[in-house]
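Enquirer: My structure is in query-v3.txt, and what it holds is compact mmCIF, C-alpha atoms (C1' of nucleotides) and all ligand atoms:
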```txt
# COMPACT_ATOMS: atom_id res chain seq x y z
CA MET A 202 0.00 0.00 0.00
CA THR A 203 1.44 3.38 -0.97
CA SER A 204 1.68 6.21 1.52
CA ARG A 205 -1.09 7.96 -0.36
CA GLU A 206 -3.39 4.94 -0.06
CA GLU A 207 -2.61 4.68 3.64
CA SER A 208 -3.51 8.34 4.04
CA ALA A 209 -6.77 7.81 2.17
CA GLU A 210 -7.64 4.88 4.42
CA THR A 211 -6.78 6.93 7.51
CA LEU A 212 -9.03 9.72 6.29
CA ARG A 213 -11.94 7.37 5.72
CA ARG A 214 -11.53 5.81 9.16
CA ALA A 215 -11.64 9.29 10.67
CA GLY A 216 -14.89 9.99 8.85
CA HIS A 217 -13.54 12.44 6.29
CA ARG A 218 -14.06 12.39 2.55
CA VAL A 219 -10.97 11.58 0.58
CA THR A 220 -10.01 14.72 -1.32
CA SER A 221 -6.77 15.66 -3.03
CA ALA A 222 -6.34 18.72 -0.83
CA LYS A 223 -6.47 16.63 2.34
CA LEU A 224 -4.15 14.00 0.87
CA LEU A 225 -1.63 16.64 -0.15
CA VAL A 226 -1.61 18.21 3.32
CA MET A 227 -1.20 14.80 4.94
CA GLU A 228 1.60 13.77 2.60
CA ALA A 229 3.42 17.05 3.20
CA LEU A 230 3.37 16.48 6.95
CA ARG A 231 4.13 12.77 6.81
CA HIS A 232 7.00 13.27 4.43
CA ALA A 233 8.49 16.20 6.35
CA GLY A 234 8.59 14.16 9.56
CA ASP A 235 9.09 17.41 11.44
CA HIS A 236 7.25 20.49 12.67
CA LEU A 237 5.92 22.58 9.79
CA SER A 238 4.24 25.97 9.81
CA ALA A 239 0.90 26.39 8.06
CA THR A 240 2.60 28.66 5.52
CA SER A 241 5.16 26.05 4.57
CA VAL A 242 2.44 23.41 4.26
CA ILE A 243 0.66 25.82 1.91
CA ASP A 244 3.84 26.28 -0.16
CA GLN A 245 4.42 22.53 -0.26
CA VAL A 246 0.84 21.74 -1.30
CA ARG A 247 0.90 24.41 -3.97
CA ARG A 248 3.97 23.02 -5.64
CA ASP A 249 1.77 20.09 -6.66
CA ALA A 250 -1.59 21.83 -6.82
CA PRO A 251 -1.35 25.62 -7.25
CA HIS A 252 -5.13 26.04 -7.23
CA VAL A 253 -5.62 24.93 -3.60
CA SER A 254 -6.59 27.94 -1.50
CA GLU A 255 -4.97 28.98 1.74
CA SER A 256 -8.21 28.66 3.63
CA THR A 257 -8.60 25.05 2.54
CA VAL A 258 -5.20 24.23 3.98
CA TYR A 259 -6.00 26.03 7.23
CA ARG A 260 -9.33 24.23 7.45
CA THR A 261 -7.72 20.91 6.66
CA LEU A 262 -5.07 21.39 9.33
CA GLY A 263 -7.84 22.15 11.82
CA ALA A 264 -9.79 19.08 10.79
CA LEU A 265 -6.78 16.76 11.02
CA ARG A 266 -5.97 18.22 14.42
CA ASP A 267 -9.54 17.63 15.61
CA SER A 268 -9.28 14.04 14.41
CA ARG A 269 -6.02 13.73 16.34
CA LEU A 270 -4.00 12.83 13.27
CA ILE A 271 -1.66 15.80 13.67
CA SER A 272 -0.54 18.01 16.54
CA GLU A 273 -0.87 21.78 16.60
CA THR A 274 1.59 23.53 18.87
CA THR A 275 2.61 27.05 19.77
CA PHE A 276 6.31 27.24 20.47
CA GLY A 277 7.34 30.49 22.12
CA HIS A 278 8.09 32.38 18.93
CA GLY A 279 7.01 32.16 15.33
CA GLU A 280 4.02 30.53 13.77
CA VAL A 281 1.96 27.64 15.02
CA ALA A 282 3.64 24.30 14.21
CA TYR A 283 1.94 21.19 12.85
CA GLU A 284 3.36 17.68 12.98
CA TRP A 285 2.22 14.25 11.85
CA LEU A 286 1.52 12.20 14.98
CA GLU A 287 3.35 8.88 15.13
CA GLU A 288 2.26 6.17 17.56
CA ARG A 289 4.75 7.08 20.29
CA SER A 290 3.69 10.40 21.79
CA HIS A 291 6.36 13.00 22.57
CA HIS A 292 6.71 16.54 23.86
CA HIS A 293 9.29 19.33 23.77
CA LEU A 294 11.43 21.45 26.05
CA VAL A 295 11.91 24.86 24.46
CA CYS A 296 14.73 27.09 25.67
CA SER A 297 13.65 30.75 25.75
CA GLN A 298 17.28 31.82 25.71
CA CYS A 299 19.02 29.85 22.96
CA GLY A 300 15.92 28.62 21.18
CA ALA A 301 16.87 24.94 21.44
CA VAL A 302 13.95 22.54 21.04
CA ASP A 303 14.65 19.23 22.79
CA GLU A 304 12.47 16.18 22.86
CA LEU A 305 10.78 15.00 26.03
CA SER A 306 9.40 11.48 26.36
CA ASP A 307 5.82 11.07 27.49
CA GLU A 308 6.65 9.60 30.92
CA VAL A 309 7.03 12.75 32.98
CA VAL A 310 4.09 14.37 31.23
CA ALA A 311 1.91 11.30 31.77
CA GLY A 312 2.82 11.52 35.47
CA PHE A 313 1.66 15.12 35.53
CA ALA A 314 -1.61 14.15 33.87
CA LYS A 315 -2.15 11.43 36.46
CA GLN A 316 -1.66 13.98 39.26
CA LEU A 317 -4.33 16.16 37.71
CA SER A 318 -6.66 13.21 37.43
CA ASP A 319 -6.07 12.12 41.05
CA ALA A 320 -6.27 15.58 42.57
CA HIS A 321 -9.02 17.15 40.47
CA GLY A 322 -10.72 14.39 38.47
CA PHE A 323 -9.58 16.30 35.41
CA ASN A 324 -8.78 14.20 32.37
CA ALA A 325 -5.93 16.21 30.83
CA ASP A 326 -5.31 15.93 27.12
CA LEU A 327 -1.63 16.61 26.58
CA GLN A 328 -0.72 15.34 23.16
CA HIS A 329 2.27 17.43 22.22
CA LEU A 330 3.34 19.89 24.86
CA ALA A 331 5.91 22.67 24.39
CA VAL A 332 7.34 23.53 27.80
CA PRO A 333 9.15 26.88 27.87
CA GLY A 334 12.13 27.48 30.14
CA ILE A 335 15.92 27.56 30.25
CA CYS A 336 17.84 24.53 29.03
CA ALA A 337 20.59 22.82 31.03
CA ARG A 338 23.36 24.27 28.87
CA CYS A 339 22.12 27.86 29.18
CA SER A 340 21.71 27.48 32.97
CA ARG A 341 25.28 26.20 33.22
CA ASP A 342 26.61 29.00 31.03
CA SER A 343 24.97 31.82 32.93
CA GLU A 344 26.10 30.29 36.24
CA ALA A 345 29.69 30.12 34.97
CA ALA A 346 29.49 33.75 33.84
CA GLY A 347 29.12 34.87 37.47
CA GLU A 348 25.39 34.11 37.72
CA MET B 190 -0.35 55.62 47.26
CA THR B 191 -2.96 55.39 44.51
CA SER B 192 -3.15 52.42 42.19
CA ARG B 193 -1.82 54.63 39.41
CA GLU B 194 1.20 55.63 41.46
CA GLU B 195 1.87 52.01 42.34
CA SER B 196 1.73 51.14 38.66
CA ALA B 197 4.15 53.96 37.83
CA GLU B 198 6.54 52.73 40.48
CA THR B 199 6.26 49.16 39.18
CA LEU B 200 7.03 50.38 35.66
CA ARG B 201 10.12 52.25 36.79
CA ARG B 202 11.39 49.26 38.73
CA ALA B 203 10.99 47.14 35.58
CA GLY B 204 13.05 49.64 33.61
CA HIS B 205 10.23 51.15 31.57
CA ARG B 206 9.47 54.78 31.05
CA VAL B 207 6.23 55.90 32.67
CA THR B 208 3.78 56.72 29.89
CA SER B 209 0.05 57.18 29.99
CA ALA B 210 -0.51 54.36 27.51
CA LYS B 211 1.33 51.88 29.74
CA LEU B 212 -0.45 53.12 32.83
CA LEU B 213 -3.84 52.80 31.14
CA VAL B 214 -3.12 49.23 30.04
CA MET B 215 -1.94 48.30 33.52
CA GLU B 216 -4.92 49.89 35.21
CA ALA B 217 -7.30 48.11 32.84
CA LEU B 218 -5.80 44.73 33.74
CA ARG B 219 -5.43 45.41 37.44
CA HIS B 220 -8.94 46.71 37.74
CA ALA B 221 -10.49 43.85 35.71
CA GLY B 222 -8.87 41.25 37.98
CA ASP B 223 -9.62 38.68 35.31
CA HIS B 224 -8.47 37.43 31.92
CA LEU B 225 -8.88 40.10 29.22
CA SER B 226 -8.39 39.85 25.48
CA ALA B 227 -6.14 42.37 23.76
CA THR B 228 -9.19 43.79 21.98
CA SER B 229 -11.03 44.47 25.21
CA VAL B 230 -7.92 46.09 26.69
CA ILE B 231 -7.85 48.32 23.59
CA ASP B 232 -11.52 49.24 24.06
CA GLN B 233 -10.97 49.93 27.75
CA VAL B 234 -7.92 52.09 27.13
CA ARG B 235 -9.65 54.03 24.38
CA ARG B 236 -12.56 54.98 26.59
CA ASP B 237 -10.07 57.17 28.46
CA ALA B 238 -7.66 57.95 25.63
CA PRO B 239 -9.13 57.49 22.15
CA HIS B 240 -5.89 58.47 20.43
CA VAL B 241 -3.87 55.47 21.66
CA SER B 242 -3.17 53.17 18.74
CA GLU B 243 -3.81 49.43 18.67
CA SER B 244 -0.17 48.68 18.04
CA THR B 245 0.86 50.57 21.15
CA VAL B 246 -1.45 48.40 23.24
CA TYR B 247 -0.15 45.22 21.61
CA ARG B 248 3.44 46.37 22.15
CA THR B 249 2.70 47.32 25.74
CA LEU B 250 1.11 43.95 26.47
CA GLY B 251 4.20 42.28 25.04
CA ALA B 252 6.51 44.44 27.13
CA LEU B 253 4.57 43.84 30.36
CA ARG B 254 4.60 40.11 29.61
CA ASP B 255 8.37 40.16 29.04
CA SER B 256 8.76 41.96 32.36
CA ARG B 257 6.61 39.26 33.96
CA LEU B 258 4.03 41.73 35.20
CA ILE B 259 1.20 40.07 33.30
CA SER B 260 0.54 36.60 31.89
CA GLU B 261 -0.27 35.87 28.27
CA THR B 262 -2.20 32.67 27.72
CA THR B 263 -3.85 30.83 24.88
CA PHE B 264 -6.96 29.02 26.06
CA GLY B 265 -8.25 26.50 23.55
CA HIS B 266 -10.59 28.87 21.75
CA GLY B 267 -10.79 32.58 21.18
CA GLU B 268 -8.20 35.28 21.53
CA VAL B 269 -5.07 35.32 23.63
CA ALA B 270 -5.84 36.27 27.24
CA TYR B 271 -3.90 38.67 29.44
CA GLU B 272 -4.08 38.86 33.21
CA TRP B 273 -2.43 40.94 35.90
CA LEU B 274 -0.14 38.65 37.88
CA GLU B 275 -0.72 38.65 41.61
CA GLU B 276 1.87 37.27 44.04
CA ARG B 277 0.31 33.82 44.31
CA SER B 278 0.78 32.05 41.01
CA HIS B 279 -2.08 30.00 39.58
CA HIS B 280 -2.99 27.94 36.52
CA HIS B 281 -6.13 26.70 34.79
CA LEU B 282 -7.89 23.50 33.79
CA VAL B 283 -9.86 24.13 30.62
CA CYS B 284 -12.61 21.71 29.62
CA SER B 285 -12.69 21.19 25.86
CA GLN B 286 -16.26 19.95 26.10
CA CYS B 287 -18.18 22.41 28.27
CA GLY B 288 -15.64 25.23 28.15
CA ALA B 289 -15.34 25.48 31.95
CA VAL B 290 -12.17 27.22 33.13
CA ASP B 291 -11.23 26.07 36.63
CA GLU B 292 -8.37 27.26 38.75
CA LEU B 293 -5.43 25.05 39.59
CA SER B 294 -3.07 25.86 42.41
CA ASP B 295 0.64 25.94 41.70
CA GLU B 296 1.50 22.81 43.71
CA VAL B 297 0.95 20.11 41.10
CA VAL B 298 2.51 22.27 38.40
CA ALA B 299 5.54 23.02 40.58
CA GLY B 300 5.93 19.26 41.08
CA PHE B 301 5.94 18.78 37.32
CA ALA B 302 8.57 21.50 36.93
CA LYS B 303 10.72 19.80 39.55
CA GLN B 304 10.51 16.52 37.62
CA LEU B 305 11.74 18.28 34.51
CA SER B 306 14.57 19.84 36.44
CA ASP B 307 15.61 16.53 38.02
CA ALA B 308 15.30 14.44 34.88
CA HIS B 309 16.58 16.88 32.27
CA GLY B 310 18.21 19.80 34.04
CA PHE B 311 15.58 21.94 32.35
CA ASN B 312 14.44 24.98 34.27
CA ALA B 313 10.78 25.16 33.22
CA ASP B 314 9.05 28.51 33.31
CA LEU B 315 5.37 27.80 33.89
CA GLN B 316 3.74 31.01 35.01
CA HIS B 317 0.14 30.58 33.98
CA LEU B 318 -0.62 27.28 32.33
CA ALA B 319 -3.89 26.40 30.57
CA VAL B 320 -4.23 22.62 30.62
CA PRO B 321 -6.80 21.32 28.12
CA GLY B 322 -8.86 18.22 28.83
CA ILE B 323 -12.23 16.98 30.07
CA CYS B 324 -13.48 18.20 33.42
CA ALA B 325 -14.75 15.90 36.16
CA ARG B 326 -18.38 16.81 35.56
CA CYS B 327 -18.23 16.12 31.82
CA SER B 328 -16.45 12.79 32.40
CA ARG B 329 -19.16 11.78 34.88
CA ASP B 330 -21.94 12.86 32.51
CA SER B 331 -20.66 10.95 29.49
CA GLU B 332 -20.11 7.87 31.67
CA ALA B 333 -23.68 8.06 32.94
CA ALA B 334 -24.97 8.42 29.37
CA GLY B 335 -23.73 4.92 28.57
CA GLU B 336 -20.07 5.87 28.07
C1' DC C 259 15.39 74.72 33.14
C1' DC C 260 17.56 72.79 28.93
C1' DA C 261 19.70 69.70 25.59
C1' DG C 262 20.23 65.27 23.79
C1' DC C 263 19.62 60.42 23.54
C1' DA C 264 16.96 56.32 23.70
C1' DA C 265 12.57 54.56 24.38
C1' DA C 266 7.78 54.88 23.04
C1' DT C 267 4.19 56.03 19.84
C1' DG C 268 1.17 56.58 15.57
C1' DC C 269 0.43 55.27 11.20
C1' DA C 270 0.18 52.39 7.39
C1' DA C 271 1.40 48.26 5.37
C1' DC C 272 1.85 43.57 6.16
C1' DA C 273 1.33 38.70 7.91
C1' DA C 274 -1.32 35.02 9.86
C1' DC C 275 -5.34 33.28 10.32
C1' DT C 276 -10.92 32.97 10.12
C1' DT C 277 -15.53 33.09 8.28
C1' DG C 278 -19.88 33.51 5.18
C1' DC C 279 -21.48 32.12 1.12
C1' DA C 280 -22.20 30.07 -3.28
C1' DA C 281 -20.40 26.57 -6.26
C1' DG C 282 -18.22 21.90 -6.70
C1' DA C 283 -17.27 17.11 -5.59
C1' DG C 284 -17.31 12.54 -2.78
C1' DC C 285 -20.00 8.77 -1.74
C1' DG C 286 -24.03 5.95 -0.49
C1' DA C 287 -28.71 4.58 -2.00
C1' DG C 288 -31.19 2.85 -5.49
C1' DC D 148 -24.45 4.45 -13.50
C1' DT D 149 -27.12 8.25 -11.69
C1' DC D 150 -29.15 11.11 -8.20
C1' DG D 151 -28.94 13.75 -4.38
C1' DC D 152 -27.41 14.83 0.11
C1' DT D 153 -23.80 16.72 2.57
C1' DC D 154 -19.12 17.68 3.09
C1' DT D 155 -15.46 20.54 0.86
C1' DT D 156 -13.59 24.09 -1.50
C1' DG D 157 -12.51 28.85 -3.51
C1' DC D 158 -13.00 33.40 -3.05
C1' DA D 159 -13.30 37.67 -0.81
C1' DA D 160 -13.76 40.13 3.19
C1' DG D 161 -12.91 40.44 8.04
C1' DT D 162 -9.98 39.75 12.54
C1' DT D 163 -6.09 39.61 15.15
C1' DG D 164 -1.54 40.62 15.71
C1' DT D 165 3.25 42.42 13.86
C1' DT D 166 6.68 45.55 11.84
C1' DG D 167 9.36 49.61 9.58
C1' DC D 168 9.82 54.21 9.87
C1' DA D 169 9.39 58.99 10.96
C1' DT D 170 8.07 61.70 14.92
C1' DT D 171 7.28 62.56 19.71
C1' DT D 172 8.26 62.21 24.50
C1' DG D 173 10.36 60.60 29.02
C1' DC D 174 14.28 60.94 31.46
C1' DT D 175 19.22 61.87 32.69
C1' DG D 176 22.97 64.92 33.24
C1' DG D 177 24.62 69.46 33.04
MN MN E 1 7.15 17.34 18.04
MN MN E 2 -5.63 33.09 35.34
ZN ZN E 3 19.29 27.20 25.99
ZN ZN E 4 -16.59 20.05 31.12
```
How does this structure look as structure tokens?
Expert:
Amino acid sequence: MTSREESAETLRRAGHRVTSAKLLVMEALRHAGDHLSATSVIDQVRRDAPHVSESTVYRTLGALRDSRLISETTFGHGEVAYEWLEERSHHHLVCSQCGAVDELSDEVVAGFAKQLSDAHGFNADLQHLAVPGICARCSRDSEAAGE
Amino acid sequence: MTSREESAETLRRAGHRVTSAKLLVMEALRHAGDHLSATSVIDQVRRDAPHVSESTVYRTLGALRDSRLISETTFGHGEVAYEWLEERSHHHLVCSQCGAVDELSDEVVAGFAKQLSDAHGFNADLQHLAVPGICARCSRDSEAAGE
DNA sequence: CCAGCAAATGCAACAACTTGCAAGAGCGAG
DNA sequence: CTCGCTCTTGCAAGTTGTTGCATTTGCTGG
């Protein structure tokens, strides 16, 4: 089964109609295997299909996010980032000083969610968190520089 | 000391010049004692000073946020929300189903930050988190309705 | 009080989304 | 295969937020 056919099947299972615009958006994200801004998804899609309108891409990204096929995340700066969601869920530590974006496994975050469930009965939905702060390297550097 | 004078003093301590636009923005947020959208801050400010431009308010909100005098938060839907930061830090649990916004004390969140520090040396900066999910009431309701 | 510099502001253009509406296309029933 | 319902799309206009630049204004030092 080609990637395109897989995407079509995924769309059907999620209750969407299979359209070329949606397939193109999905392929762009799956192929990139990284965080992409809406604008770069638009550019990507338009290389193959120049007629697709911006609003269709924005709407498609929203729909895929609602169906939990992709994540939508606001890192500190710049545009909102979209990413194809693989099975294993992950999160990010974003350094406000040097801009580094490190990966964070789900364990600690799942622990946090469990705390919220135990303490407040709240069923947190943390699919792809971006935690802002200062990374280990930057902390070390500023300490060395006389704090 | 009036609230305005306190605000002026706070501005000076944060290294800003004391201008009427900044004071008006601060007073709007302090007086509201709640989350306000940028647009409603603009409306508020313009009731007193119609000449102040939108961009000045946006820039002021950004500056106050950088100086950690106010929080800037994206709840699931709608505009970005700004809030005057009181001493005691707090967070929110936002129900994606019924829209309820509950308060969350800093304890659980501080525990999460400590985990990140211990496990990754990352110094997380979580001033005013909005955690999305399903609230206790909605979970109970959908369970009762035959899951 | 005054001069001078840097910060702050207004304005207009721009960028990043969002929405209402009419036209087009996927898909299930027959 | 065709019909028709409903989901999707394109387009244009509207929001929300950002930025470059010329001008104004707060503040510091004399
Ligand atoms: Mn990611
Ligand atoms: Mn709050
Ligand atoms: Zn760093
Ligand atoms: Zn709820």
Enquirer: Would you list the residues near (5.8, 25.1, 40.2), meaning any protein, DNA or RNA residue with an atom at most 10 Å from that point in file coordinates, counting only C-alpha atoms (C1' of nucleotides), as a PyMOL selection string?
Expert: chain B and resi 278-280+294-303+313-316
Enquirer: Between atom CA of Arg289 of chain A and atom CA of Val258 of chain A, what is the distance in Å, rounded to a tenth?
Expert: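 Here the two named atoms are 25.7 Å from each other.
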Enquirer: Could you check which of A:Asp342, A:Arg218, A:Thr275, A:Glu280 is closest to chain B, using all atoms listed in the file?
Expert: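 Smallest separation from chain B among the options: A:Thr275.
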Enquirer: Throw together the list of residues within 10 Å of ligand ZN 3 (chain E), counting only C-alpha atoms (C1' of nucleotides) and all ligand atoms, and drop it here as a list of chain:residue names.
Expert: A:Leu294, A:Val295, A:Cys296, A:Ser297, A:Gln298, A:Cys299, A:Gly300, A:Ala301, A:Val302, A:Asp303, A:Gly334, A:Ile335, A:Cys336, A:Ala337, A:Arg338, A:Cys339, A:Ser340, A:Arg341, A:Asp342, B:Phe311, B:Asn312
Enquirer: Write out as a list in words each polymer residue (protein, DNA or RNA) that has an atom no more than 10 Å from ligand MN 1 (chain E), with only C-alpha atoms (C1' of nucleotides) and all ligand atoms counted.
Expert: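 Taking only C-alpha atoms (C1' of nucleotides) and all ligand atoms into account, the residues around ligand MN 1 (chain E) at most 10 Å away are Gly234, Asp235, His236, Leu237, Ile271, Ser272, Glu273, Thr274, Ala282, Tyr283, Glu284, Trp285, Leu286, Glu287, Ser290, His291, His292, His293, Leu294, Val302, Asp303, Glu304, Leu305, Gln328, His329, Leu330 and Ala331 of chain A.
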Enquirer: What would the file look like if the residues just selected were written as a PDB file, keeping the file's coordinate frame with C-alpha atoms?
Expert:
```pdb
ATOM      1  CA  GLY A 234       8.590  14.160   9.560  1.00  0.00           C
ATOM      2  CA  ASP A 235       9.090  17.410  11.440  1.00  0.00           C
ATOM      3  CA  HIS A 236       7.250  20.490  12.670  1.00  0.00           C
ATOM      4  CA  LEU A 237       5.920  22.580   9.790  1.00  0.00           C
ATOM      5  CA  ILE A 271      -1.660  15.800  13.670  1.00  0.00           C
ATOM      6  CA  SER A 272      -0.540  18.010  16.540  1.00  0.00           C
ATOM      7  CA  GLU A 273      -0.870  21.780  16.600  1.00  0.00           C
ATOM      8  CA  THR A 274       1.590  23.530  18.870  1.00  0.00           C
ATOM      9  CA  ALA A 282       3.640  24.300  14.210  1.00  0.00           C
ATOM     10  CA  TYR A 283       1.940  21.190  12.850  1.00  0.00           C
ATOM     11  CA  GLU A 284       3.360  17.680  12.980  1.00  0.00           C
ATOM     12  CA  TRP A 285       2.220  14.250  11.850  1.00  0.00           C
ATOM     13  CA  LEU A 286       1.520  12.200  14.980  1.00  0.00           C
ATOM     14  CA  GLU A 287       3.350   8.880  15.130  1.00  0.00           C
ATOM     15  CA  SER A 290       3.690  10.400  21.790  1.00  0.00           C
ATOM     16  CA  HIS A 291       6.360  13.000  22.570  1.00  0.00           C
ATOM     17  CA  HIS A 292       6.710  16.540  23.860  1.00  0.00           C
ATOM     18  CA  HIS A 293       9.290  19.330  23.770  1.00  0.00           C
ATOM     19  CA  LEU A 294      11.430  21.450  26.050  1.00  0.00           C
ATOM     20  CA  VAL A 302      13.950  22.540  21.040  1.00  0.00           C
ATOM     21  CA  ASP A 303      14.650  19.230  22.790  1.00  0.00           C
ATOM     22  CA  GLU A 304      12.470  16.180  22.860  1.00  0.00           C
ATOM     23  CA  LEU A 305      10.780  15.000  26.030  1.00  0.00           C
ATOM     24  CA  GLN A 328      -0.720  15.340  23.160  1.00  0.00           C
ATOM     25  CA  HIS A 329       2.270  17.430  22.220  1.00  0.00           C
ATOM     26  CA  LEU A 330       3.340  19.890  24.860  1.00  0.00           C
ATOM     27  CA  ALA A 331       5.910  22.670  24.390  1.00  0.00           C
TER      28      ALA A 331
END
```
Enquirer: With only C-alpha atoms (C1' of nucleotides) as the atoms that count, which of B:Thr249, B:Thr228, B:Ser331, B:Ser242 lies nearest to chain C?
Expert: B:Ser242
Enquirer: Of the candidates B:Val269, B:Val241, B:Ala203, B:Val214, which one gets nearest to ligand MN 2 (chain E) if we count all atoms listed in the file?
Expert: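 For ligand MN 2 (chain E), the nearest of the given residues is B:Val269.
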Enquirer: Select, from A:Leu265, A:Pro333, A:Lys223, A:Gly322, the residue with the minimum atom-to-atom distance to ligand ZN 4 (chain E), counting all atoms listed in the file.
Expert: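 For ligand ZN 4 (chain E), the nearest of the candidates is A:Gly322.
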Enquirer: Please measure the separation of atom CA of Ala229 of chain A and atom CA of Gln245 of chain A, giving the value in Å to one decimal.
Expert: 6.6 Å
